[in-house]
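What's in data.txt: compact mmCIF, C-alpha atoms
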# COMPACT_ATOMS: atom_id res chain seq x y z
CA CYS A 990 -33.49 3.04 11.56
CA ARG A 991 -33.26 -0.64 10.72
CA THR A 992 -31.98 -3.17 8.22
CA LYS A 993 -31.19 -6.87 7.91
CA PRO A 994 -27.85 -7.73 9.60
CA GLU A 995 -26.48 -9.30 6.42
CA LEU A 996 -26.78 -5.95 4.62
CA LEU A 997 -24.28 -4.44 7.07
CA LYS A 998 -21.47 -6.79 6.02
CA LEU A 999 -18.93 -4.84 3.97
CA GLY A 1000 -17.06 -7.92 2.79
CA ASN A 1001 -13.70 -6.43 3.76
CA SER A 1002 -11.71 -6.48 7.01
CA LEU A 1003 -10.29 -2.96 6.51
CA PRO A 1004 -6.67 -3.94 7.25
CA VAL A 1005 -5.15 -0.47 6.73
CA SER A 1006 -7.64 1.05 9.14
CA ARG A 1007 -7.03 -1.68 11.72
CA LYS A 1008 -3.29 -1.03 11.54
CA ALA A 1009 -3.75 2.71 11.97
CA ILE A 1010 -5.94 2.18 15.02
CA THR A 1011 -3.56 -0.35 16.57
CA GLU A 1012 -0.27 1.39 15.86
CA ARG A 1013 -1.13 5.09 15.82
CA LYS A 1014 -4.40 5.26 17.76
CA GLN A 1015 -5.77 7.15 14.80
CA LEU A 1016 -8.43 6.68 12.12
CA ARG A 1017 -8.70 9.21 9.31
CA ILE A 1018 -11.56 8.76 6.85
CA ILE A 1019 -12.33 10.65 3.64
CA ALA A 1020 -16.01 10.70 2.69
CA LEU A 1021 -15.82 11.14 -1.08
CA GLY A 1022 -19.02 11.79 -2.94
CA ALA A 1023 -21.61 14.18 -4.28
CA SER A 1024 -24.66 15.88 -2.74
CA SER A 1025 -25.72 13.05 -0.44
CA THR A 1026 -22.24 13.18 1.11
CA SER A 1027 -22.15 16.97 1.36
CA GLY A 1028 -25.52 16.80 3.13
CA TYR A 1029 -27.54 18.79 0.61
CA GLY A 1030 -30.81 20.00 2.08
CA VAL A 1031 -30.41 18.80 5.67
CA SER A 1032 -31.54 21.17 8.38
CA ASN A 1033 -28.24 20.85 10.28
CA PRO A 1034 -24.79 19.92 8.89
CA ALA A 1035 -24.38 17.53 11.84
CA TYR A 1036 -27.09 15.33 10.32
CA ALA A 1037 -25.08 14.57 7.14
CA TYR A 1038 -23.88 10.97 7.25
CA PRO A 1039 -20.13 11.81 7.46
CA ALA A 1040 -20.77 13.86 10.62
CA GLN A 1041 -22.92 11.05 12.01
CA LEU A 1042 -20.13 8.59 11.20
CA LYS A 1043 -17.67 10.60 13.27
CA ILE A 1044 -20.12 10.85 16.17
CA GLY A 1045 -20.67 7.09 16.13
CA LEU A 1046 -17.00 6.16 15.83
CA ASP A 1047 -15.93 8.61 18.54
CA LYS A 1048 -18.37 6.94 20.89
CA ALA A 1049 -17.39 3.39 19.92
CA LEU A 1050 -13.61 3.91 19.80
CA PRO A 1051 -12.57 5.76 22.97
CA GLY A 1052 -8.92 6.78 22.94
CA ILE A 1053 -8.77 6.76 19.13
CA ASP A 1054 -8.34 10.04 17.26
CA VAL A 1055 -11.13 9.81 14.65
CA ASP A 1056 -11.23 12.32 11.81
CA VAL A 1057 -13.91 12.18 9.11
CA ILE A 1058 -13.27 14.62 6.28
CA ASN A 1059 -16.36 15.47 4.21
CA ARG A 1060 -15.38 15.80 0.56
CA GLY A 1061 -18.82 15.71 -0.98
CA ILE A 1062 -19.28 18.11 -3.89
CA ASP A 1063 -22.84 18.70 -5.11
CA GLY A 1064 -23.60 17.49 -8.62
CA GLN A 1065 -20.40 15.55 -9.29
CA ASP A 1066 -20.50 12.28 -11.18
CA VAL A 1067 -18.24 9.24 -10.90
CA GLU A 1068 -15.78 10.52 -13.52
CA GLU A 1069 -15.23 13.81 -11.68
CA MET A 1070 -14.79 12.08 -8.34
CA ALA A 1071 -12.33 9.53 -9.75
CA ALA A 1072 -10.28 12.40 -11.18
CA ARG A 1073 -9.76 13.98 -7.76
CA ILE A 1074 -8.98 10.90 -5.67
CA GLN A 1075 -5.22 11.38 -5.80
CA ALA A 1076 -5.40 15.06 -4.84
CA GLU A 1077 -7.85 14.36 -2.01
CA MET A 1078 -5.64 11.65 -0.54
CA LYS A 1079 -2.50 13.74 -0.92
CA GLU A 1080 -4.11 16.63 0.96
CA ASN A 1081 -5.61 14.37 3.64
CA PRO A 1082 -3.71 11.06 3.87
CA ALA A 1083 -6.38 8.63 5.04
CA SER A 1084 -6.63 5.02 6.12
CA LEU A 1085 -10.15 4.66 4.73
CA VAL A 1086 -12.05 6.23 1.85
CA VAL A 1087 -15.84 5.85 1.75
CA TRP A 1088 -16.74 6.54 -1.88
CA GLN A 1089 -20.42 7.32 -2.42
CA THR A 1090 -21.47 7.25 -6.07
CA GLY A 1091 -23.92 5.75 -8.55
CA THR A 1092 -27.05 7.83 -7.95
CA THR A 1093 -26.18 10.66 -10.35
CA ALA A 1094 -25.07 8.19 -13.03
CA THR A 1095 -28.31 6.24 -12.70
CA VAL A 1096 -30.60 9.27 -12.81
CA HIS A 1097 -28.74 10.83 -15.76
CA GLN A 1098 -28.34 7.46 -17.51
CA MET A 1099 -24.57 7.64 -17.92
CA PRO A 1100 -23.53 4.82 -20.27
CA ILE A 1101 -22.85 1.82 -18.07
CA ASP A 1102 -19.48 1.11 -19.69
CA LYS A 1103 -18.33 4.67 -19.00
CA PHE A 1104 -19.57 4.44 -15.42
CA THR A 1105 -17.80 1.12 -14.87
CA ARG A 1106 -14.56 2.32 -16.43
CA SER A 1107 -14.44 5.48 -14.30
CA LEU A 1108 -15.30 3.55 -11.15
CA ARG A 1109 -12.60 0.94 -11.72
CA ASN A 1110 -9.98 3.53 -12.65
CA GLY A 1111 -10.70 5.39 -9.44
CA LEU A 1112 -10.52 2.26 -7.31
CA ALA A 1113 -7.29 1.11 -8.95
CA LEU A 1114 -5.66 4.48 -8.29
CA GLY A 1115 -7.03 4.78 -4.78
CA ARG A 1116 -5.96 1.32 -3.69
CA SER A 1117 -2.47 1.96 -5.09
CA LEU A 1118 -2.20 4.91 -2.71
CA GLY A 1119 -2.52 2.63 0.30
CA ALA A 1120 -5.99 3.12 1.77
CA ASP A 1121 -8.94 0.85 2.45
CA PHE A 1122 -11.91 1.64 0.21
CA VAL A 1123 -15.62 1.17 0.84
CA LEU A 1124 -18.02 1.83 -2.03
CA MET A 1125 -21.41 3.21 -1.01
CA ASN A 1126 -23.81 2.38 -3.81
CA LEU A 1127 -26.81 4.27 -5.13
CA GLN A 1128 -29.81 5.45 -3.13
CA TYR A 1129 -33.24 3.90 -3.41
CA VAL A 1130 -35.35 7.01 -3.94
CA PRO A 1131 -38.15 7.82 -6.43
CA ALA A 1132 -35.77 9.30 -9.01
CA VAL A 1133 -33.64 6.13 -8.95
CA ALA A 1134 -36.53 3.68 -8.68
CA ALA A 1135 -37.92 5.11 -11.93
CA ALA A 1136 -34.65 4.52 -13.81
CA PRO A 1137 -34.81 1.47 -16.10
CA ASP A 1138 -31.19 0.31 -15.59
CA LYS A 1139 -30.77 0.89 -11.86
CA GLU A 1140 -29.90 -2.75 -11.18
CA ALA A 1141 -27.09 -2.63 -13.75
CA TYR A 1142 -25.36 0.22 -11.91
CA LYS A 1143 -25.76 -1.59 -8.61
CA GLU A 1144 -24.28 -4.77 -10.08
CA ALA A 1145 -21.38 -2.85 -11.65
CA MET A 1146 -20.48 -1.43 -8.26
CA ALA A 1147 -20.61 -4.84 -6.58
CA ALA A 1148 -18.37 -6.33 -9.26
CA ALA A 1149 -15.85 -3.48 -9.01
CA ALA A 1150 -15.74 -3.74 -5.22
CA LYS A 1151 -15.01 -7.47 -5.48
CA GLU A 1152 -12.36 -7.04 -8.18
CA TYR A 1153 -10.47 -4.32 -6.30
CA ASP A 1154 -10.92 -5.80 -2.82
CA ALA A 1155 -13.03 -2.90 -1.60
CA GLY A 1156 -15.86 -3.05 0.88
CA LEU A 1157 -19.43 -2.46 -0.31
CA PHE A 1158 -22.02 -0.58 1.72
CA ARG A 1159 -25.34 -1.66 0.21
CA ARG A 1160 -27.28 1.55 0.59
CA PHE A 1161 -29.63 0.66 -2.29
CA ASP A 1162 -30.79 -2.58 -0.67
CA ILE A 1163 -30.98 -1.02 2.78
CA MET A 1164 -33.22 1.82 1.60
CA ARG A 1165 -35.30 -0.44 -0.62
CA GLY A 1166 -35.89 -2.53 2.49
CA TRP A 1167 -37.27 0.52 4.30
CA TYR A 1168 -39.71 1.17 1.45
CA LYS A 1169 -40.75 -2.45 0.99
CA ASP A 1170 -41.36 -2.74 4.75
CA GLY A 1171 -43.91 0.06 4.55
CA MET A 1172 -41.91 3.20 5.26
CA PRO A 1173 -43.15 5.91 2.84
CA TYR A 1174 -40.56 7.84 0.88
CA ALA A 1175 -41.57 11.03 2.71
CA GLU A 1176 -40.06 9.66 5.92
CA PHE A 1177 -36.53 9.47 4.50
CA VAL A 1178 -36.47 11.47 1.24
CA GLN A 1179 -36.81 15.19 0.62
CA LEU A 1180 -39.66 16.55 -1.50
CA ASP A 1181 -37.43 16.56 -4.60
CA GLY A 1182 -37.59 12.76 -4.66
CA LEU A 1183 -33.81 12.50 -4.79
CA HIS A 1184 -31.98 13.71 -1.67
CA LEU A 1185 -32.19 12.20 1.79
CA ASN A 1186 -33.86 14.19 4.55
CA ASP A 1187 -32.58 14.51 8.12
CA PHE A 1188 -33.81 11.06 9.14
CA GLY A 1189 -32.42 9.37 6.03
CA GLN A 1190 -29.00 10.95 6.47
CA LYS A 1191 -28.79 10.17 10.19
CA CYS A 1192 -29.87 6.57 9.65
CA ILE A 1193 -27.38 5.95 6.83
CA GLY A 1194 -24.66 7.42 9.06
CA LYS A 1195 -25.61 5.12 11.91
CA LEU A 1196 -25.76 2.00 9.73
CA LEU A 1197 -22.46 2.85 8.04
CA THR A 1198 -20.89 3.22 11.49
CA TRP A 1199 -22.14 -0.22 12.49
CA SER A 1200 -20.84 -1.70 9.23
CA ILE A 1201 -17.35 -0.28 9.71
CA LEU A 1202 -17.22 -1.37 13.35
CA ASN A 1203 -18.37 -4.87 12.40
CA SER A 1204 -15.50 -5.13 9.93
CA LEU A 1205 -12.95 -3.75 12.39
CA ASN A 1206 -14.10 -6.16 15.12
CA SER A 1207 -14.42 -9.29 12.99
CA PRO A 1208 -11.60 -11.89 13.07
Could the structure of this file be written out as structure tokens, please?
Amino acid sequence: CRTKPELLKLGNSLPVSRKAITERKQLRIIALGASSTSGYGVSNPAYAYPAQLKIGLDKALPGIDVDVINRGIDGQDVEEMAARIQAEMKENPASLVVWQTGTTATVHQMPIDKFTRSLRNGLALGRSLGADFVLMNLQYVPAVAAAPDKEAYKEAMAAAAKEYDAGLFRRFDIMRGWYKDGMPYAEFVQLDGLHLNDFGQKCIGKLLTWSILNSLNSP
């Protein structure tokens, strides 16, 4: 489980989360996403990256009540997730929302303008509700690597994160680094060529944990 240190920089200091930790000794996180958030196909639910995130933060933040709520729903696209942000945050008021999206849109070739509009609408609503946001961009897996416009979706997510002052977890570049460094897809992707296997999920959870801690600990 490795990546370049610069890929772990979220580009956001997570001020709402810092305040919750300092004042209430609490950090509640919603993991919003589709099948890679729900943990589709893993051999144990504890291997899904939201569960790994809680394990890592519990260890790194003793005395802080950490709660990671997994709200991944298999098969959902960006439009469906944006439509439920308000309800999710009302049910589970959180200091941080990690929003995983982009893979389904890329594989199904959702029009890029529709994808961008839904993403920005969701971020605008979410930020107005008073939480930090971190976008987790698309996976680098065979089904995505074969898509002709994959870079356009990645760039749209980076631009939206910058515009709405959200963090960006660069999952695409991290996973592409694994592949380019000689790690075969079979080591981190299931046989369907789309979903992460146990190792892939656990590693993304670990790297996301490090990214969040780096932001919380930076000046």
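With all atoms listed in the file taken into account, the protein and nucleic acid residues at most 8 Å from Ala1120 in chain A (excluding it and anything under 5 positions from it in its own chain) are Val1005, Ser1006, Ala1083, Ser1084, Leu1085, Val1086 and Gly1115 of chain A.
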| task | Mind giving me the straight-line distance from CA of Pro1034 in chain A to CA of Val1067 in chain A in Å, one decimal? | result | 23.4 Å
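Closest to Ala1132 in chain A among A:Ala1094, A:Leu999, A:Ala1049, A:Cys990 is A:Ala1094, based on only C-alpha atoms.
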| said: List the spatial neighbours of Ser1024 in chain A as a list in words - criterion: any atom at most 9 Å away, all atoms listed in the file, same-chain residues fewer than 2 positions off excluded. | reply: Gly1022, Thr1026, Ser1027, Gly1028, Tyr1029, Gly1030, Gly1061, Ile1062, Asp1063, Gly1064, Gln1065 and His1184 of chain A
| query | What does the distance between CA of Val1031 in chain A and CA of Phe1188 in chain A come to in Å, to one decimal place? | reply | 9.1 Å
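Only residues having an atom at most 9 Å from (-25.2, 4.5, 14.4) are included; using all atoms listed in the file, these are A:Cys990, A:Gln1041, A:Leu1042, A:Ile1044, A:Gly1045, A:Leu1046, A:Lys1191, A:Cys1192, A:Ile1193, A:Gly1194, A:Lys1195, A:Leu1196, A:Leu1197, A:Thr1198, A:Trp1199.
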Only C-alpha atoms, please: the residues just picked out, written as a compact mmCIF listing (two decimals), keeping the file's coordinate frame.
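Once everything was written out, this is selection12.txt:
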# COMPACT_ATOMS: atom_id res chain seq x y z
CA CYS A 990 -33.49 3.04 11.56
CA GLN A 1041 -22.92 11.05 12.01
CA LEU A 1042 -20.13 8.59 11.20
CA ILE A 1044 -20.12 10.85 16.17
CA GLY A 1045 -20.67 7.09 16.13
CA LEU A 1046 -17.00 6.16 15.83
CA LYS A 1191 -28.79 10.17 10.19
CA CYS A 1192 -29.87 6.57 9.65
CA ILE A 1193 -27.38 5.95 6.83
CA GLY A 1194 -24.66 7.42 9.06
CA LYS A 1195 -25.61 5.12 11.91
CA LEU A 1196 -25.76 2.00 9.73
CA LEU A 1197 -22.46 2.85 8.04
CA THR A 1198 -20.89 3.22 11.49
CA TRP A 1199 -22.14 -0.22 12.49
| task | Tell me which protein, DNA and RNA residues are within 9 Å of range 1172-1176 of chain A, counting all atoms listed in the file, leaving out same-chain ones fewer than 2 positions away, and put them as a PyMOL selection string. | result | chain A and resi 1130-1131+1166-1170+1178-1180+1182+1186+1188-1189
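Nearest to Pro1082 in chain A of all the residues A:Ile1163, A:Ala1009, A:Leu1205, A:Leu996 is A:Ala1009, based on all atoms listed in the file.
You can rank A:Ala1040, A:Ala1020, A:Ala1150, A:Ala1135 by their closest distance to Gly1111 in chain A using all atoms listed in the file, and at the top of that list sits A:Ala1150.
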| query | Skipping near chain neighbours, those fewer than 3 positions away, what residues fall within 9 Å of Ala1155 in chain A using all atoms listed in the file, listed as a PyMOL selection string? | reply | chain A and resi 999-1001+1003+1112+1116+1121-1124+1149-1152
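Between CA of Asp1056 in chain A and CA of Glu1012 in chain A the interatomic distance comes to 16.0 Å.
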| query | What's the 9 Å shell around Ile1074 in chain A, counting only C-alpha atoms, without same-chain residues fewer than 3 positions away, as a PyMOL selection string? | reply | chain A and resi 1021+1070-1071+1077-1079+1111-1112+1114-1115
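The nearest approach to Ser1204 in chain A among the residues A:Ser1032, A:Asn1110, A:Thr1105, A:Ser1002, with all atoms listed in the file taken into account, belongs to A:Ser1002.
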Provide range 1062-1077 of chain A rebuilt to N, CA, C and O atoms, formatted as a short mmCIF file (atom, residue, chain, number, x, y, z; two decimals), in the coordinates of the input.
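In the end it all went to part10.cif:
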data_model
loop_
_atom_site.label_atom_id
_atom_site.label_comp_id
_atom_site.auth_asym_id
_atom_site.auth_seq_id
_atom_site.Cartn_x
_atom_site.Cartn_y
_atom_site.Cartn_z
N ILE A 1062 -19.10 16.94 -3.04
CA ILE A 1062 -19.28 18.11 -3.89
C ILE A 1062 -20.56 17.92 -4.70
O ILE A 1062 -20.68 16.98 -5.49
N ASP A 1063 -21.53 18.82 -4.48
CA ASP A 1063 -22.84 18.70 -5.11
C ASP A 1063 -22.72 18.57 -6.63
O ASP A 1063 -21.98 19.31 -7.28
N GLY A 1064 -23.47 17.61 -7.18
CA GLY A 1064 -23.60 17.49 -8.62
C GLY A 1064 -22.51 16.70 -9.33
O GLY A 1064 -22.61 16.49 -10.54
N GLN A 1065 -21.48 16.27 -8.61
CA GLN A 1065 -20.40 15.55 -9.29
C GLN A 1065 -20.80 14.13 -9.65
O GLN A 1065 -21.55 13.48 -8.93
N ASP A 1066 -20.26 13.66 -10.78
CA ASP A 1066 -20.50 12.28 -11.18
C ASP A 1066 -19.25 11.45 -10.91
O ASP A 1066 -18.23 11.95 -10.42
N VAL A 1067 -19.31 10.17 -11.22
CA VAL A 1067 -18.24 9.24 -10.90
C VAL A 1067 -16.92 9.63 -11.57
O VAL A 1067 -15.84 9.48 -10.99
N GLU A 1068 -17.00 10.14 -12.79
CA GLU A 1068 -15.78 10.52 -13.52
C GLU A 1068 -15.06 11.67 -12.82
O GLU A 1068 -13.83 11.65 -12.66
N GLU A 1069 -15.82 12.66 -12.38
CA GLU A 1069 -15.23 13.81 -11.68
C GLU A 1069 -14.64 13.41 -10.34
O GLU A 1069 -13.57 13.89 -9.95
N MET A 1070 -15.31 12.52 -9.64
CA MET A 1070 -14.79 12.08 -8.34
C MET A 1070 -13.53 11.24 -8.51
O MET A 1070 -12.56 11.41 -7.76
N ALA A 1071 -13.51 10.35 -9.50
CA ALA A 1071 -12.33 9.53 -9.75
C ALA A 1071 -11.12 10.41 -10.07
O ALA A 1071 -10.00 10.10 -9.67
N ALA A 1072 -11.37 11.52 -10.76
CA ALA A 1072 -10.28 12.40 -11.18
C ALA A 1072 -9.63 13.14 -10.01
O ALA A 1072 -8.50 13.61 -10.12
N ARG A 1073 -10.34 13.24 -8.89
CA ARG A 1073 -9.76 13.98 -7.76
C ARG A 1073 -9.32 13.09 -6.59
O ARG A 1073 -8.89 13.61 -5.56
N ILE A 1074 -9.37 11.79 -6.76
CA ILE A 1074 -8.98 10.90 -5.67
C ILE A 1074 -7.54 11.15 -5.22
O ILE A 1074 -7.26 11.25 -4.02
N GLN A 1075 -6.62 11.23 -6.17
CA GLN A 1075 -5.22 11.38 -5.80
C GLN A 1075 -4.99 12.68 -5.04
O GLN A 1075 -4.30 12.70 -4.02
N ALA A 1076 -5.58 13.78 -5.51
CA ALA A 1076 -5.40 15.06 -4.84
C ALA A 1076 -6.02 15.05 -3.44
O ALA A 1076 -5.45 15.60 -2.49
N GLU A 1077 -7.19 14.42 -3.31
CA GLU A 1077 -7.85 14.36 -2.01
C GLU A 1077 -7.00 13.59 -1.01
O GLU A 1077 -6.85 13.99 0.15
#
